[in-house]
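Participant: So that you have it, the file is protein_18.txt, and it contains compact mmCIF, N, CA and C atoms and all ligand atoms:
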# COMPACT_ATOMS: atom_id res chain seq x y z
N MET S 1 -79.55 49.00 -170.43
CA MET S 1 -80.40 50.17 -170.26
C MET S 1 -79.76 51.37 -170.95
N VAL S 2 -80.53 52.14 -171.64
CA VAL S 2 -80.05 53.36 -172.30
C VAL S 2 -80.00 54.47 -171.26
N SER S 3 -78.85 55.15 -171.17
CA SER S 3 -78.75 56.22 -170.19
C SER S 3 -79.50 57.46 -170.69
N LEU S 4 -79.87 58.30 -169.75
CA LEU S 4 -80.57 59.53 -170.13
C LEU S 4 -79.68 60.42 -170.98
N ASN S 5 -78.36 60.33 -170.77
CA ASN S 5 -77.46 61.14 -171.58
C ASN S 5 -77.56 60.76 -173.04
N GLU S 6 -77.74 59.46 -173.30
CA GLU S 6 -77.86 59.03 -174.68
C GLU S 6 -79.15 59.53 -175.29
N VAL S 7 -80.17 59.71 -174.45
CA VAL S 7 -81.46 60.19 -174.93
C VAL S 7 -81.46 61.71 -175.04
N TRP S 8 -80.90 62.40 -174.05
CA TRP S 8 -81.01 63.85 -173.98
C TRP S 8 -79.75 64.58 -174.42
N GLY S 9 -78.64 63.88 -174.61
CA GLY S 9 -77.41 64.55 -174.98
C GLY S 9 -76.51 64.73 -173.79
N MET S 10 -75.30 65.26 -174.04
CA MET S 10 -74.31 65.35 -172.98
C MET S 10 -74.20 66.77 -172.45
N CYS S 11 -73.37 66.89 -171.43
CA CYS S 11 -73.11 68.17 -170.80
C CYS S 11 -72.61 69.17 -171.86
N ILE S 12 -73.20 70.34 -171.89
CA ILE S 12 -72.82 71.34 -172.89
C ILE S 12 -71.40 71.85 -172.70
N CYS S 13 -70.85 71.66 -171.51
CA CYS S 13 -69.53 72.21 -171.19
C CYS S 13 -68.42 71.67 -172.10
N VAL S 14 -68.58 70.47 -172.62
CA VAL S 14 -67.51 69.89 -173.44
C VAL S 14 -67.29 70.69 -174.72
N ASN S 15 -68.27 71.50 -175.08
CA ASN S 15 -68.14 72.36 -176.27
C ASN S 15 -68.11 73.84 -175.89
N CYS S 16 -67.66 74.13 -174.69
CA CYS S 16 -67.62 75.52 -174.21
C CYS S 16 -66.17 76.00 -174.06
N HIS S 17 -65.92 77.19 -174.50
CA HIS S 17 -64.59 77.80 -174.42
C HIS S 17 -64.03 77.80 -172.99
N TRP S 18 -64.91 77.91 -171.99
CA TRP S 18 -64.46 78.10 -170.61
C TRP S 18 -64.23 76.80 -169.83
N VAL S 19 -64.41 75.66 -170.47
CA VAL S 19 -64.49 74.40 -169.72
C VAL S 19 -63.29 74.16 -168.80
N ASP S 20 -62.10 74.52 -169.21
CA ASP S 20 -60.92 74.24 -168.38
C ASP S 20 -60.66 75.30 -167.33
N ARG S 21 -61.48 76.35 -167.30
CA ARG S 21 -61.30 77.39 -166.28
C ARG S 21 -62.53 77.52 -165.38
N CYS S 22 -63.55 76.72 -165.62
CA CYS S 22 -64.86 76.96 -165.04
C CYS S 22 -65.09 76.26 -163.69
N GLU S 23 -65.56 77.02 -162.72
CA GLU S 23 -65.81 76.47 -161.39
C GLU S 23 -66.98 75.48 -161.40
N ALA S 24 -67.99 75.72 -162.23
CA ALA S 24 -69.14 74.80 -162.28
C ALA S 24 -68.74 73.47 -162.90
N TYR S 25 -67.96 73.53 -163.97
CA TYR S 25 -67.52 72.27 -164.58
C TYR S 25 -66.60 71.51 -163.62
N HIS S 26 -65.81 72.23 -162.87
CA HIS S 26 -64.94 71.62 -161.85
C HIS S 26 -65.79 70.83 -160.85
N ALA S 27 -66.93 71.40 -160.46
CA ALA S 27 -67.84 70.70 -159.53
C ALA S 27 -68.44 69.46 -160.18
N VAL S 28 -68.77 69.56 -161.46
CA VAL S 28 -69.31 68.39 -162.17
C VAL S 28 -68.26 67.28 -162.23
N GLU S 29 -67.03 67.65 -162.51
CA GLU S 29 -65.94 66.65 -162.52
C GLU S 29 -65.83 65.98 -161.15
N ARG S 30 -65.92 66.77 -160.10
CA ARG S 30 -65.80 66.21 -158.74
C ARG S 30 -66.92 65.21 -158.48
N GLN S 31 -68.15 65.57 -158.88
CA GLN S 31 -69.28 64.68 -158.66
C GLN S 31 -69.14 63.38 -159.44
N HIS S 32 -68.51 63.45 -160.61
CA HIS S 32 -68.32 62.25 -161.43
C HIS S 32 -67.08 61.47 -161.00
N GLY S 33 -66.27 62.03 -160.10
CA GLY S 33 -65.08 61.34 -159.63
C GLY S 33 -64.00 61.20 -160.70
N VAL S 34 -63.94 62.18 -161.60
CA VAL S 34 -62.93 62.14 -162.67
C VAL S 34 -61.86 63.19 -162.40
N SER S 35 -60.76 63.07 -163.11
CA SER S 35 -59.66 64.03 -162.96
C SER S 35 -60.10 65.42 -163.42
N HIS S 36 -59.56 66.44 -162.76
CA HIS S 36 -59.89 67.81 -163.15
C HIS S 36 -59.02 68.27 -164.32
N LEU S 37 -59.61 69.04 -165.22
CA LEU S 37 -58.84 69.68 -166.28
C LEU S 37 -57.90 70.72 -165.68
N ASN S 38 -58.33 71.30 -164.56
CA ASN S 38 -57.60 72.40 -163.94
C ASN S 38 -57.88 72.36 -162.44
N GLU S 39 -56.85 72.28 -161.62
CA GLU S 39 -57.06 72.18 -160.17
C GLU S 39 -57.54 73.51 -159.56
N LYS S 40 -57.30 74.62 -160.27
CA LYS S 40 -57.67 75.93 -159.71
C LYS S 40 -58.47 76.74 -160.73
N PRO S 41 -59.72 76.36 -160.96
CA PRO S 41 -60.53 77.11 -161.92
C PRO S 41 -60.75 78.54 -161.44
N ASP S 42 -60.76 79.48 -162.37
CA ASP S 42 -60.88 80.89 -162.00
C ASP S 42 -62.03 81.60 -162.72
N TRP S 43 -62.91 80.81 -163.35
CA TRP S 43 -64.02 81.41 -164.10
C TRP S 43 -65.34 81.08 -163.41
N LYS S 44 -66.10 82.14 -163.06
CA LYS S 44 -67.41 81.94 -162.43
C LYS S 44 -68.49 82.09 -163.49
N PRO S 45 -69.12 81.00 -163.88
CA PRO S 45 -70.16 81.10 -164.91
C PRO S 45 -71.42 81.76 -164.36
N VAL S 46 -72.18 82.34 -165.27
CA VAL S 46 -73.44 82.99 -164.89
C VAL S 46 -74.58 82.01 -165.12
N ALA S 47 -75.28 81.70 -164.04
CA ALA S 47 -76.50 80.89 -164.07
C ALA S 47 -76.37 79.54 -164.77
N PRO S 48 -75.36 78.75 -164.41
CA PRO S 48 -75.34 77.40 -164.98
C PRO S 48 -76.48 76.57 -164.39
N GLN S 49 -77.17 75.83 -165.23
CA GLN S 49 -78.26 74.96 -164.78
C GLN S 49 -77.78 73.53 -164.84
N ILE S 50 -77.59 72.96 -163.66
CA ILE S 50 -77.07 71.59 -163.57
C ILE S 50 -78.23 70.62 -163.45
N HIS S 51 -78.28 69.66 -164.36
CA HIS S 51 -79.32 68.64 -164.37
C HIS S 51 -78.77 67.41 -163.68
N ILE S 52 -79.50 66.93 -162.69
CA ILE S 52 -79.07 65.75 -161.94
C ILE S 52 -80.01 64.60 -162.25
N SER S 53 -79.43 63.48 -162.71
CA SER S 53 -80.21 62.30 -163.05
C SER S 53 -79.80 61.15 -162.14
N VAL S 54 -80.77 60.43 -161.65
CA VAL S 54 -80.49 59.20 -160.91
C VAL S 54 -80.83 58.04 -161.83
N LEU S 55 -79.83 57.23 -162.14
CA LEU S 55 -79.97 56.18 -163.14
C LEU S 55 -79.69 54.81 -162.53
N ASP S 56 -80.35 53.79 -163.05
CA ASP S 56 -80.00 52.43 -162.67
C ASP S 56 -78.63 52.11 -163.24
N GLU S 57 -77.78 51.46 -162.44
CA GLU S 57 -76.49 51.04 -162.97
C GLU S 57 -76.70 49.93 -163.97
N GLN S 58 -75.82 49.86 -164.97
CA GLN S 58 -76.00 48.89 -166.05
C GLN S 58 -75.91 47.45 -165.55
N ASN S 59 -75.19 47.23 -164.45
CA ASN S 59 -75.10 45.86 -163.93
C ASN S 59 -76.26 45.52 -162.99
N GLY S 60 -77.18 46.47 -162.82
CA GLY S 60 -78.36 46.21 -162.00
C GLY S 60 -78.12 46.21 -160.50
N ASN S 61 -76.95 46.69 -160.08
CA ASN S 61 -76.59 46.66 -158.66
C ASN S 61 -76.75 48.00 -157.97
N GLY S 62 -77.71 48.78 -158.35
CA GLY S 62 -77.91 50.02 -157.64
C GLY S 62 -78.15 51.17 -158.60
N THR S 63 -77.86 52.36 -158.10
CA THR S 63 -78.09 53.55 -158.90
C THR S 63 -76.82 54.39 -158.97
N GLU S 64 -76.75 55.25 -159.97
CA GLU S 64 -75.67 56.21 -160.08
C GLU S 64 -76.29 57.58 -160.34
N VAL S 65 -75.55 58.61 -159.98
CA VAL S 65 -76.04 59.97 -160.15
C VAL S 65 -75.21 60.67 -161.21
N GLU S 66 -75.87 61.23 -162.20
CA GLU S 66 -75.20 61.95 -163.28
C GLU S 66 -75.45 63.45 -163.11
N TRP S 67 -74.42 64.24 -163.21
CA TRP S 67 -74.54 65.70 -163.17
C TRP S 67 -74.17 66.23 -164.55
N ASP S 68 -75.00 67.06 -165.13
CA ASP S 68 -74.71 67.64 -166.43
C ASP S 68 -75.21 69.07 -166.46
N VAL S 69 -74.41 69.95 -167.04
CA VAL S 69 -74.87 71.32 -167.27
C VAL S 69 -75.67 71.31 -168.57
N ARG S 70 -76.89 71.76 -168.50
CA ARG S 70 -77.77 71.75 -169.69
C ARG S 70 -78.01 73.15 -170.25
N ALA S 71 -77.75 74.17 -169.46
CA ALA S 71 -77.90 75.55 -169.92
C ALA S 71 -76.98 76.42 -169.08
N CYS S 72 -76.55 77.53 -169.66
CA CYS S 72 -75.63 78.41 -168.93
C CYS S 72 -75.52 79.73 -169.70
N LYS S 73 -75.67 80.84 -169.00
CA LYS S 73 -75.60 82.13 -169.68
C LYS S 73 -74.18 82.48 -170.11
N SER S 74 -73.18 81.80 -169.54
CA SER S 74 -71.79 82.07 -169.94
C SER S 74 -71.31 81.16 -171.06
N PHE S 75 -72.17 80.25 -171.51
CA PHE S 75 -71.74 79.31 -172.56
C PHE S 75 -71.22 80.08 -173.77
N LEU S 76 -70.01 79.72 -174.19
CA LEU S 76 -69.39 80.32 -175.37
C LEU S 76 -68.94 79.17 -176.26
N GLN S 77 -69.66 78.98 -177.34
CA GLN S 77 -69.43 77.79 -178.15
C GLN S 77 -68.01 77.71 -178.69
N ASP S 78 -67.39 76.59 -178.43
CA ASP S 78 -66.06 76.25 -178.96
C ASP S 78 -66.13 74.74 -179.20
N GLU S 79 -66.63 74.39 -180.36
CA GLU S 79 -66.93 72.99 -180.66
C GLU S 79 -65.70 72.11 -180.44
N GLY S 80 -65.87 71.08 -179.63
CA GLY S 80 -64.79 70.14 -179.39
C GLY S 80 -63.71 70.64 -178.44
N ARG S 81 -64.03 71.66 -177.64
CA ARG S 81 -63.03 72.24 -176.74
C ARG S 81 -62.42 71.18 -175.81
N TRP S 82 -63.26 70.36 -175.19
CA TRP S 82 -62.75 69.35 -174.25
C TRP S 82 -61.82 68.39 -175.00
N MET S 83 -62.21 67.98 -176.20
CA MET S 83 -61.40 67.04 -176.98
C MET S 83 -60.06 67.65 -177.36
N LYS S 84 -60.05 68.95 -177.62
CA LYS S 84 -58.79 69.61 -177.97
C LYS S 84 -57.84 69.62 -176.76
N LEU S 85 -58.43 69.70 -175.56
CA LEU S 85 -57.62 69.73 -174.34
C LEU S 85 -57.14 68.33 -173.95
N CYS S 86 -57.91 67.32 -174.35
CA CYS S 86 -57.59 65.93 -173.96
C CYS S 86 -57.61 65.04 -175.19
N PRO S 87 -56.73 65.28 -176.14
CA PRO S 87 -56.76 64.48 -177.37
C PRO S 87 -56.57 63.00 -177.07
N GLY S 88 -57.40 62.20 -177.72
CA GLY S 88 -57.30 60.75 -177.56
C GLY S 88 -58.12 60.20 -176.40
N SER S 89 -58.68 61.07 -175.57
CA SER S 89 -59.49 60.61 -174.43
C SER S 89 -60.95 60.54 -174.82
N GLU S 90 -61.68 59.72 -174.08
CA GLU S 90 -63.12 59.61 -174.34
C GLU S 90 -63.83 60.82 -173.75
N VAL S 91 -64.68 61.44 -174.52
CA VAL S 91 -65.42 62.62 -174.05
C VAL S 91 -66.35 62.19 -172.93
N PRO S 92 -66.35 62.89 -171.79
CA PRO S 92 -67.25 62.52 -170.70
C PRO S 92 -68.70 62.69 -171.10
N LYS S 93 -69.56 61.78 -170.62
CA LYS S 93 -70.98 61.86 -170.94
C LYS S 93 -71.74 62.37 -169.75
S1 LIG K 101 -71.26 76.11 -170.23
FE1 LIG K 101 -71.18 77.39 -168.37
S2 LIG K 101 -70.82 75.89 -166.74
FE2 LIG K 101 -70.23 74.89 -168.65
S3 LIG K 101 -68.02 75.29 -168.95
FE3 LIG K 101 -69.18 76.88 -170.03
S4 LIG K 101 -69.25 78.57 -168.58
FE4 LIG K 101 -68.82 76.70 -167.40
Output the file's structure in the form of structure tokens.
Facilitator:
Amino acid sequence: MVSLNEVWGMCICVNCHWVDRCEAYHAVERQHGVSHLNEKPDWKPVAPQIHISVLDEQNGNGTEVEWDVRACKSFLQDEGRWMKLCPGSEVPK
């Protein structure tokens, strides 16, 4: 099954200057059960819009929930910011 992220794109935060300081991205990391870039984020974004998708798991054994920020008034483009912070790691989808 093709995930909605593959159809609609990924969380905009991975290309945002604030990603490692942002409280909203910290919440997205928590929902995905992944390690935090920063345990104590100190940046409060303005009006982040979090898109929540319920997807069938690829093994057909249930559903998974995806959280992605799709719009945010604090977005400050820094292409590849997440990759620069985590070189060699797979970019979260
Ligand atoms: S786009 Fe908004 S929510 Fe995402 S990291 Fe940037 S400031 Fe935070």
Participant: Assign secondary structure with DSSP using the backbone only, and return the residues of chain S in alpha helix (DSSP H) as a list in words.
Facilitator: Leu4, Asn5, Glu6, Val7, Trp8, Glu23, Ala24, Tyr25, His26, Ala27, Val28, Glu29, Arg30, Gln31, His32, Arg81, Trp82, Met83, Lys84 and Leu85 of chain S
Participant: Please determine an axis-aligned box that encloses all atoms of ligand LIG 101 (chain K) listed in the file, with 3 Å added on each side, and express its centre and edge lengths in Å to one decimal as lines of an AutoDock Vina configuration file.
Facilitator:
center_x = -69.6
center_y = 76.7
center_z = -168.5
size_x = 9.2
size_y = 9.7
size_z = 9.5
Participant: Kindly assemble as a Markdown table a list of the chain S residues that lie within 7 Å of ligand LIG 101 (chain K), each paired with its nearest atom pair and their distance in Å to one decimal, using all atoms listed in the file, sorted first by chain and then by ascending residue number.
Facilitator:
| residue | atom | partner | partner_atom | distance |
| --- | --- | --- | --- | --- |
| S:Cys11 | C | K:LIG101 | FE2 | 7.0 |
| S:Ile12 | C | K:LIG101 | S1 | 4.9 |
| S:Cys13 | CA | K:LIG101 | FE2 | 3.8 |
| S:Val14 | N | K:LIG101 | S3 | 6.1 |
| S:Asn15 | C | K:LIG101 | FE3 | 6.7 |
| S:Cys16 | CA | K:LIG101 | FE3 | 4.7 |
| S:His17 | N | K:LIG101 | FE3 | 5.5 |
| S:Trp18 | C | K:LIG101 | S3 | 4.2 |
| S:Val19 | CA | K:LIG101 | S3 | 3.7 |
| S:Asp20 | N | K:LIG101 | S3 | 6.0 |
| S:Arg21 | C | K:LIG101 | FE4 | 6.7 |
| S:Cys22 | CA | K:LIG101 | FE4 | 4.6 |
| S:Glu23 | N | K:LIG101 | FE4 | 5.7 |
| S:Ala24 | CA | K:LIG101 | S2 | 4.9 |
| S:Tyr25 | N | K:LIG101 | S2 | 4.6 |
| S:Trp43 | C | K:LIG101 | FE4 | 6.9 |
| S:Lys44 | C | K:LIG101 | S4 | 6.2 |
| S:Pro45 | CA | K:LIG101 | S4 | 4.5 |
| S:Val46 | N | K:LIG101 | S4 | 5.8 |
| S:Ala47 | C | K:LIG101 | FE1 | 6.7 |
| S:Pro48 | CA | K:LIG101 | S2 | 5.1 |
| S:Gln49 | N | K:LIG101 | S2 | 6.5 |
| S:Val69 | CA | K:LIG101 | FE2 | 6.0 |
| S:Ala71 | C | K:LIG101 | S1 | 5.8 |
| S:Cys72 | CA | K:LIG101 | FE1 | 4.6 |
| S:Lys73 | N | K:LIG101 | FE1 | 5.7 |
| S:Ser74 | C | K:LIG101 | S4 | 4.1 |
| S:Phe75 | CA | K:LIG101 | S1 | 4.0 |
| S:Leu76 | N | K:LIG101 | FE3 | 5.1 |
Participant: Between atom N of Val65 (chain S) and CA of Val91 (chain S), measure the distance and give it in Å to one decimal.
Facilitator: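 We find that atom N of Val65 (chain S) and CA of Val91 (chain S) lie 17.8 Å from each other.
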Participant: Go through region 15-76 of chain S and collect every residue that DSSP, computed from the backbone, puts in strand (DSSP E); the answer should be as number ranges by chain.
Facilitator: S: 49-56, 63-71
Participant: Around the point (-57.8, 67.7, -171.6) (coordinates from the file), which residues reach within 8 Å if we count all atoms listed in the file? Answer as a list in words.
Facilitator: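 Result, sorted by chain then residue number: Asp20, His36, Leu37, Asn38, Arg81, Trp82, Met83, Lys84, Leu85, Cys86, Pro87 and Ser89 of chain S.
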Participant: So the first atom is CA of Glu29 (chain S) and the second is CA of Gly80 (chain S); what is the distance between them in Å, to one decimal place?
Facilitator: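 CA of Gly80 (chain S) lies 17.3 Å from CA of Glu29 (chain S).
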Participant: Distance atom N of Thr63 (chain S)-atom N of His32 (chain S), one decimal place?
Facilitator: 14.7 Å
Participant: Go through S:Glu66, S:Asn61, S:Asp78, S:Met10 one by one, measure the shortest atom-to-atom distance of each to Val28 (chain S) using all atoms listed in the file, and give the residue with the smallest value.
Facilitator: S:Glu66
Participant: Let me make sure I understand: among S:Glu57, S:Ala27, S:Ile52, S:Ser35, which one has the smallest atom-to-atom distance to Arg70 (chain S) if we use only N, CA and C atoms?
Facilitator: S:Ile52
